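Chemist: Following this message is one structure expressed as structure tokens.
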Amino acid sequence: MTLPALRVRGSHRSRGTPVAYIAAILVVGVTLVPMVYVFLGGFRTTAQINADPAGLPSPWVLDNYLAILTAGSFWRFLGNSALIAAVATVLAVALGSMAAFALSRYSFKGRDALYGLFTLGLLFPIGVATLPLYLMLRQLDMLENPFGVAIAEAAFSLPVTIVILRPFMRAIPGELEEAAVLDGATRLGFFWRILLPLSAPALTTVAVLAFVTSWNAYLLPLLVFNEPQNFTLPLGVATFQSQYTQDTARVLAFTALSMLPALGFFVLAERRIVGGLTGSVKG
């Protein structure tokens, strides 16, 4: 490679770097600025917000957050969301891993068509199926039941779970399975003892995605739950906003607290999500 070529490449790189930095700053600004505004708004009074909407807390007010944290309704909403999200995540990961195992390690007629059907599920919006799901849950007498919502949300998490897990499992060498069979392991034993541990990065990825998706779900719980004691956190935020329409600061505080669990969970698992998706793409 000649020296001029190196200079040309270096010049392109130097011109591209500021553009990338500016784009990253814009994305971070669009993402973080509203969140920072919500969190800081909870430390102000409604009068301060009305007087100076873009100002900083002066003085800092803790009453909004303390009032919400000491109220039982917030923790009840939080517990309902945690229960539904945990059940939906366990079901999605368990069923998705078994389906991905069959689609990646077994050869049978219609395997690719079945996988394509799951892939099409990524394009199927939950809003289209909300009314049929509501009628089905009513027939099964599962309205006002958190498990009815969890099962439905797990079903909608299955397509992305299988799409991520299948190539990851398929990339695991067949020699490992042959060696396990020679050692006396069954297909189920290979799946449980070898394949699942090796697929841990992808399993973590789909678990986080299923949990966050279920945690943020709004439409289906809105139709299934009518009793306030069964509301999830997103429904609790909407209810709180309708009750305290004039108290903007307290609404911002409630919204900020409702974002913290999912945000913290996602931030802690960010590296595992990236690792799982990278392994899936390579597979």
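Naming scheme: A, B, ... for chains in displayed order of the structure tokens; residues 1 onward per chain; ligands 1 onward as shown.
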Contacts of Pro34 of chain A at 12 Å or less, counting only C-alpha atoms, minus same-chain residues fewer than 6 places along, as a list of chain:residue names?

Modeler: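 That gives A:Val27, A:Val28, A:Leu40, A:Gly41, A:Ala54, A:Leu252, A:Thr255, A:Ala256.
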
Chemist: Would you kindly return, as a PyMOL selection string, each protein, DNA or RNA residue with an atom no farther than 9 Å from any atom of Phe265 of chain A, considering only C-alpha atoms and excluding same-chain residues fewer than 4 positions away?

Modeler: chain A and resi 208+212+260-261+269-270

Chemist: Calculate how many Å separate atom CA of Tyr21 of chain A from atom CA of Gly264 of chain A, rounding to one decimal.

Modeler: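 Taking atom CA of Tyr21 of chain A as the start and atom CA of Gly264 of chain A as the end point, the length is 25.2 Å.
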
Chemist: Report the residues of segment 21-246 of chain A whose backbone DSSP state falls under helix (DSSP H, G or I), written as JSON, numbers by chain.

Modeler: {"A": [21, 22, 23, 24, 25, 26, 27, 28, 29, 30, 31, 32, 33, 34, 35, 36, 37, 38, 39, 40, 41, 46, 47, 48, 49, 50, 51, 63, 64, 65, 66, 67, 68, 69, 72, 73, 74, 75, 76, 77, 78, 79, 80, 81, 82, 83, 84, 85, 86, 87, 88, 89, 90, 91, 92, 93, 94, 95, 96, 97, 98, 99, 100, 101, 102, 103, 104, 105, 111, 112, 113, 114, 115, 116, 117, 118, 119, 120, 121, 122, 123, 126, 127, 128, 129, 130, 131, 132, 133, 134, 135, 136, 137, 138, 139, 146, 147, 148, 149, 150, 151, 152, 153, 154, 155, 156, 157, 158, 159, 160, 161, 162, 163, 164, 165, 166, 167, 168, 169, 170, 174, 175, 176, 177, 178, 179, 180, 181, 182, 187, 188, 189, 190, 191, 192, 193, 194, 195, 196, 197, 198, 200, 201, 202, 203, 204, 205, 206, 207, 208, 209, 210, 211, 212, 213, 214, 215, 219, 220, 221, 222, 223, 224, 228, 229, 230, 233, 234, 235, 236, 237, 238, 239, 240, 241, 242, 243]}

Chemist: Against segment 214-223 of chain A, which residues of segment 122-167 of chain A fall within 8 Å? For each one I want the closest pair of atoms and the distance in Å (one decimal), counting only C-alpha atoms, rows by chain and increasing residue number, as a tab-separated table.

Modeler:
```
residue	atom	partner	partner_atom	distance
A:Gly127	CA	A:Leu219	CA	7.4
A:Thr130	CA	A:Leu220	CA	6.2
A:Tyr134	CA	A:Leu223	CA	6.9
A:Val149	CA	A:Pro221	CA	6.5
A:Ala150	CA	A:Ser214	CA	7.7
A:Glu153	CA	A:Ser214	CA	6.2
A:Ala154	CA	A:Ser214	CA	8.0
```

Chemist: To one decimal place in Å, what is the distance between atom CA of Gln229 of chain A and atom CA of Val87 of chain A?

Modeler: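 Going from atom CA of Gln229 of chain A over to atom CA of Val87 of chain A covers 18.5 Å.
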
Chemist: Which polymer residues have any atom within 7 Å of an atom of segment 114-122 of chain A, counting only C-alpha atoms, with same-chain residues fewer than 6 positions away left out, as a count of residues only?

Modeler: 3

Chemist: So how many Å separate atom CA of Val38 of chain A and atom CA of Leu233 of chain A, to one decimal?

Modeler: 16.6 Å

Chemist: Would you pick out the contacts of Phe43 of chain A at 6 Å or less, using only C-alpha atoms, so that residues sharing its chain but fewer than 6 positions from it are not included, and give the list as a PyMOL selection string?

Modeler: chain A and resi 60-62

Chemist: Those residues you just picked out, can you put them in a file as a short mmCIF file (atom, residue, chain, number, x, y, z; two decimals), in the first residue's frame with N, CA and C atoms?

Modeler:
```cif
data_model
loop_
_atom_site.label_atom_id
_atom_site.label_comp_id
_atom_site.auth_asym_id
_atom_site.auth_seq_id
_atom_site.Cartn_x
_atom_site.Cartn_y
_atom_site.Cartn_z
N TRP A 60 -34.30 22.44 46.35
CA TRP A 60 -34.64 21.06 46.05
C TRP A 60 -35.75 20.60 46.99
N VAL A 61 -36.77 19.98 46.42
CA VAL A 61 -37.93 19.53 47.19
C VAL A 61 -37.99 18.00 47.15
N LEU A 62 -37.99 17.37 48.31
CA LEU A 62 -38.05 15.91 48.39
C LEU A 62 -39.45 15.38 48.66
#
```

Chemist: Nearest to Val237 of chain A among A:Phe190, A:Phe266, A:Phe77, A:Tyr65, with distances taken over only C-alpha atoms: which residue is it?

Modeler: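 Result for the nearest residue to Val237 of chain A: A:Phe77.
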
Chemist: Please list as a ChimeraX atom specification every residue within 9 Å of Phe156 of chain A, counting only C-alpha atoms and excluding residues in the same chain fewer than 5 positions away.

Modeler: /A:92,121-122,124-126,151,210

Chemist: Those selected residues, please, written with N, CA and C atoms and delivered as a compact mmCIF listing (two decimals), in the first residue's frame.

Modeler:
```txt
# COMPACT_ATOMS: atom_id res chain seq x y z
N ALA A 92 -41.30 -17.26 28.10
CA ALA A 92 -40.72 -16.97 26.78
C ALA A 92 -39.37 -17.64 26.61
N GLY A 121 -43.84 -13.50 12.81
CA GLY A 121 -44.42 -13.02 14.05
C GLY A 121 -43.81 -11.72 14.53
N LEU A 122 -42.60 -11.41 14.07
CA LEU A 122 -41.98 -10.13 14.43
C LEU A 122 -42.73 -8.96 13.83
N PHE A 124 -46.02 -8.89 13.45
CA PHE A 124 -47.41 -8.93 13.89
C PHE A 124 -47.57 -8.03 15.11
N PRO A 125 -48.25 -6.91 14.99
CA PRO A 125 -48.39 -5.99 16.13
C PRO A 125 -49.37 -6.52 17.17
N ILE A 126 -49.06 -6.26 18.42
CA ILE A 126 -49.92 -6.76 19.50
C ILE A 126 -51.28 -6.07 19.48
N ILE A 151 -49.05 -14.79 30.13
CA ILE A 151 -49.01 -15.82 29.07
C ILE A 151 -49.10 -15.16 27.70
N ALA A 210 -37.41 -9.77 26.77
CA ALA A 210 -38.76 -10.17 27.16
C ALA A 210 -39.22 -9.46 28.43
```

Chemist: Can you pull out every residue within 12 Å of Ala180 of chain A, counting only C-alpha atoms, but drop anything in the same chain fewer than 2 positions away, and send it as a count of residues only?

Modeler: 20

Chemist: Pick the closest to Asn64 of chain A from A:Arg250, A:Leu235, A:Gln243, A:Ala100: which is it, counting only C-alpha atoms?

Modeler: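 Once distances to Asn64 of chain A are computed over only C-alpha atoms, the minimum belongs to A:Arg250.
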
Chemist: List the spatial neighbours of Asn145 of chain A as a PDB file with all heavy atoms, in the first residue's frame - criterion: any atom at most 10 Å away, only C-alpha atoms, same-chain residues fewer than 2 positions off excluded.

Modeler:
```pdb
ATOM      1  N   ILE A  84     -45.791 -10.112  36.638  1.00  0.00           N
ATOM      2  CA  ILE A  84     -46.156 -10.404  35.251  1.00  0.00           C
ATOM      3  C   ILE A  84     -44.916 -10.503  34.374  1.00  0.00           C
ATOM      4  O   ILE A  84     -44.789 -11.415  33.544  1.00  0.00           O
ATOM      5  CB  ILE A  84     -47.124  -9.325  34.729  1.00  0.00           C
ATOM      6  CG1 ILE A  84     -48.453  -9.400  35.484  1.00  0.00           C
ATOM      7  CG2 ILE A  84     -47.351  -9.472  33.230  1.00  0.00           C
ATOM      8  CD1 ILE A  84     -49.416  -8.291  35.141  1.00  0.00           C
ATOM      9  N   LEU A 137     -59.364 -14.606  26.773  1.00  0.00           N
ATOM     10  CA  LEU A 137     -59.147 -14.596  28.216  1.00  0.00           C
ATOM     11  C   LEU A 137     -60.473 -14.534  28.977  1.00  0.00           C
ATOM     12  O   LEU A 137     -60.601 -15.106  30.059  1.00  0.00           O
ATOM     13  CB  LEU A 137     -58.256 -13.408  28.601  1.00  0.00           C
ATOM     14  CG  LEU A 137     -56.804 -13.471  28.120  1.00  0.00           C
ATOM     15  CD1 LEU A 137     -56.075 -12.173  28.456  1.00  0.00           C
ATOM     16  CD2 LEU A 137     -56.085 -14.666  28.733  1.00  0.00           C
ATOM     17  N   ASP A 141     -61.967 -17.272  31.637  1.00  0.00           N
ATOM     18  CA  ASP A 141     -62.159 -16.704  32.971  1.00  0.00           C
ATOM     19  C   ASP A 141     -60.815 -16.274  33.577  1.00  0.00           C
ATOM     20  O   ASP A 141     -60.525 -16.531  34.745  1.00  0.00           O
ATOM     21  CB  ASP A 141     -62.868 -17.704  33.896  1.00  0.00           C
ATOM     22  CG  ASP A 141     -63.427 -17.037  35.148  1.00  0.00           C
ATOM     23  OD1 ASP A 141     -63.641 -15.805  35.111  1.00  0.00           O
ATOM     24  OD2 ASP A 141     -63.616 -17.734  36.165  1.00  0.00           O
ATOM     25  N   MET A 142     -60.008 -15.608  32.748  1.00  0.00           N
ATOM     26  CA  MET A 142     -58.695 -15.155  33.197  1.00  0.00           C
ATOM     27  C   MET A 142     -58.571 -13.631  33.196  1.00  0.00           C
ATOM     28  O   MET A 142     -57.467 -13.093  33.256  1.00  0.00           O
ATOM     29  CB  MET A 142     -57.583 -15.760  32.330  1.00  0.00           C
ATOM     30  CG  MET A 142     -57.494 -17.265  32.403  1.00  0.00           C
ATOM     31  SD  MET A 142     -56.007 -17.936  31.625  1.00  0.00           S
ATOM     32  CE  MET A 142     -54.741 -17.428  32.788  1.00  0.00           C
ATOM     33  N   LEU A 143     -59.705 -12.927  33.126  1.00  0.00           N
ATOM     34  CA  LEU A 143     -59.662 -11.489  33.306  1.00  0.00           C
ATOM     35  C   LEU A 143     -59.359 -11.164  34.763  1.00  0.00           C
ATOM     36  O   LEU A 143     -59.734 -11.928  35.658  1.00  0.00           O
ATOM     37  CB  LEU A 143     -60.985 -10.853  32.878  1.00  0.00           C
ATOM     38  CG  LEU A 143     -61.370 -11.004  31.400  1.00  0.00           C
ATOM     39  CD1 LEU A 143     -62.710 -10.329  31.139  1.00  0.00           C
ATOM     40  CD2 LEU A 143     -60.295 -10.422  30.490  1.00  0.00           C
ATOM     41  N   PHE A 147     -51.707 -13.828  35.422  1.00  0.00           N
ATOM     42  CA  PHE A 147     -51.136 -14.891  34.595  1.00  0.00           C
ATOM     43  C   PHE A 147     -51.719 -14.879  33.181  1.00  0.00           C
ATOM     44  O   PHE A 147     -51.058 -15.310  32.239  1.00  0.00           O
ATOM     45  CB  PHE A 147     -51.361 -16.252  35.254  1.00  0.00           C
ATOM     46  CG  PHE A 147     -50.592 -16.429  36.522  1.00  0.00           C
ATOM     47  CD1 PHE A 147     -51.210 -16.256  37.751  1.00  0.00           C
ATOM     48  CD2 PHE A 147     -49.245 -16.747  36.508  1.00  0.00           C
ATOM     49  CE1 PHE A 147     -50.503 -16.409  38.936  1.00  0.00           C
ATOM     50  CE2 PHE A 147     -48.528 -16.899  37.678  1.00  0.00           C
ATOM     51  CZ  PHE A 147     -49.158 -16.726  38.900  1.00  0.00           C
ATOM     52  N   GLY A 148     -52.942 -14.398  33.030  1.00  0.00           N
ATOM     53  CA  GLY A 148     -53.497 -14.267  31.691  1.00  0.00           C
ATOM     54  C   GLY A 148     -52.713 -13.274  30.855  1.00  0.00           C
ATOM     55  O   GLY A 148     -52.412 -13.510  29.674  1.00  0.00           O
ATOM     56  N   VAL A 149     -52.345 -12.150  31.458  1.00  0.00           N
ATOM     57  CA  VAL A 149     -51.532 -11.153  30.759  1.00  0.00           C
ATOM     58  C   VAL A 149     -50.126 -11.691  30.511  1.00  0.00           C
ATOM     59  O   VAL A 149     -49.552 -11.496  29.436  1.00  0.00           O
ATOM     60  CB  VAL A 149     -51.494  -9.846  31.569  1.00  0.00           C
ATOM     61  CG1 VAL A 149     -50.595  -8.823  30.891  1.00  0.00           C
ATOM     62  CG2 VAL A 149     -52.894  -9.277  31.733  1.00  0.00           C
ATOM     63  N   ALA A 150     -49.553 -12.368  31.489  1.00  0.00           N
ATOM     64  CA  ALA A 150     -48.178 -12.874  31.354  1.00  0.00           C
ATOM     65  C   ALA A 150     -48.066 -13.897  30.237  1.00  0.00           C
ATOM     66  O   ALA A 150     -47.105 -13.886  29.454  1.00  0.00           O
ATOM     67  CB  ALA A 150     -47.724 -13.479  32.682  1.00  0.00           C
ATOM     68  N   PRO A 221     -52.698  -5.026  29.363  1.00  0.00           N
ATOM     69  CA  PRO A 221     -53.159  -4.873  30.754  1.00  0.00           C
ATOM     70  C   PRO A 221     -54.315  -3.888  30.891  1.00  0.00           C
ATOM     71  O   PRO A 221     -55.172  -4.059  31.768  1.00  0.00           O
ATOM     72  CB  PRO A 221     -51.905  -4.358  31.484  1.00  0.00           C
ATOM     73  CG  PRO A 221     -50.771  -4.836  30.668  1.00  0.00           C
ATOM     74  CD  PRO A 221     -51.252  -4.784  29.250  1.00  0.00           C
ATOM     75  N   VAL A 224     -57.419  -5.959  30.134  1.00  0.00           N
ATOM     76  CA  VAL A 224     -57.660  -7.107  31.013  1.00  0.00           C
ATOM     77  C   VAL A 224     -57.988  -6.672  32.433  1.00  0.00           C
ATOM     78  O   VAL A 224     -58.844  -7.272  33.101  1.00  0.00           O
ATOM     79  CB  VAL A 224     -56.437  -8.046  31.004  1.00  0.00           C
ATOM     80  CG1 VAL A 224     -56.608  -9.183  32.017  1.00  0.00           C
ATOM     81  CG2 VAL A 224     -56.230  -8.621  29.606  1.00  0.00           C
ATOM     82  N   PHE A 225     -57.344  -5.619  32.912  1.00  0.00           N
ATOM     83  CA  PHE A 225     -57.515  -5.202  34.303  1.00  0.00           C
ATOM     84  C   PHE A 225     -58.477  -4.018  34.402  1.00  0.00           C
ATOM     85  O   PHE A 225     -58.311  -3.018  33.698  1.00  0.00           O
ATOM     86  CB  PHE A 225     -56.168  -4.808  34.923  1.00  0.00           C
ATOM     87  CG  PHE A 225     -55.175  -5.939  34.991  1.00  0.00           C
ATOM     88  CD1 PHE A 225     -53.842  -5.729  34.681  1.00  0.00           C
ATOM     89  CD2 PHE A 225     -55.577  -7.207  35.355  1.00  0.00           C
ATOM     90  CE1 PHE A 225     -52.931  -6.759  34.738  1.00  0.00           C
ATOM     91  CE2 PHE A 225     -54.675  -8.256  35.424  1.00  0.00           C
ATOM     92  CZ  PHE A 225     -53.347  -8.028  35.105  1.00  0.00           C
ATOM     93  N   ASN A 230     -55.002  -4.423  40.646  1.00  0.00           N
ATOM     94  CA  ASN A 230     -54.316  -5.310  39.702  1.00  0.00           C
ATOM     95  C   ASN A 230     -53.492  -4.551  38.671  1.00  0.00           C
ATOM     96  O   ASN A 230     -52.842  -5.181  37.836  1.00  0.00           O
ATOM     97  CB  ASN A 230     -55.338  -6.193  38.972  1.00  0.00           C
ATOM     98  CG  ASN A 230     -56.057  -7.139  39.905  1.00  0.00           C
ATOM     99  OD1 ASN A 230     -55.490  -7.633  40.870  1.00  0.00           O
ATOM    100  ND2 ASN A 230     -57.328  -7.394  39.623  1.00  0.00           N
TER     101      ASN A 230
END
```
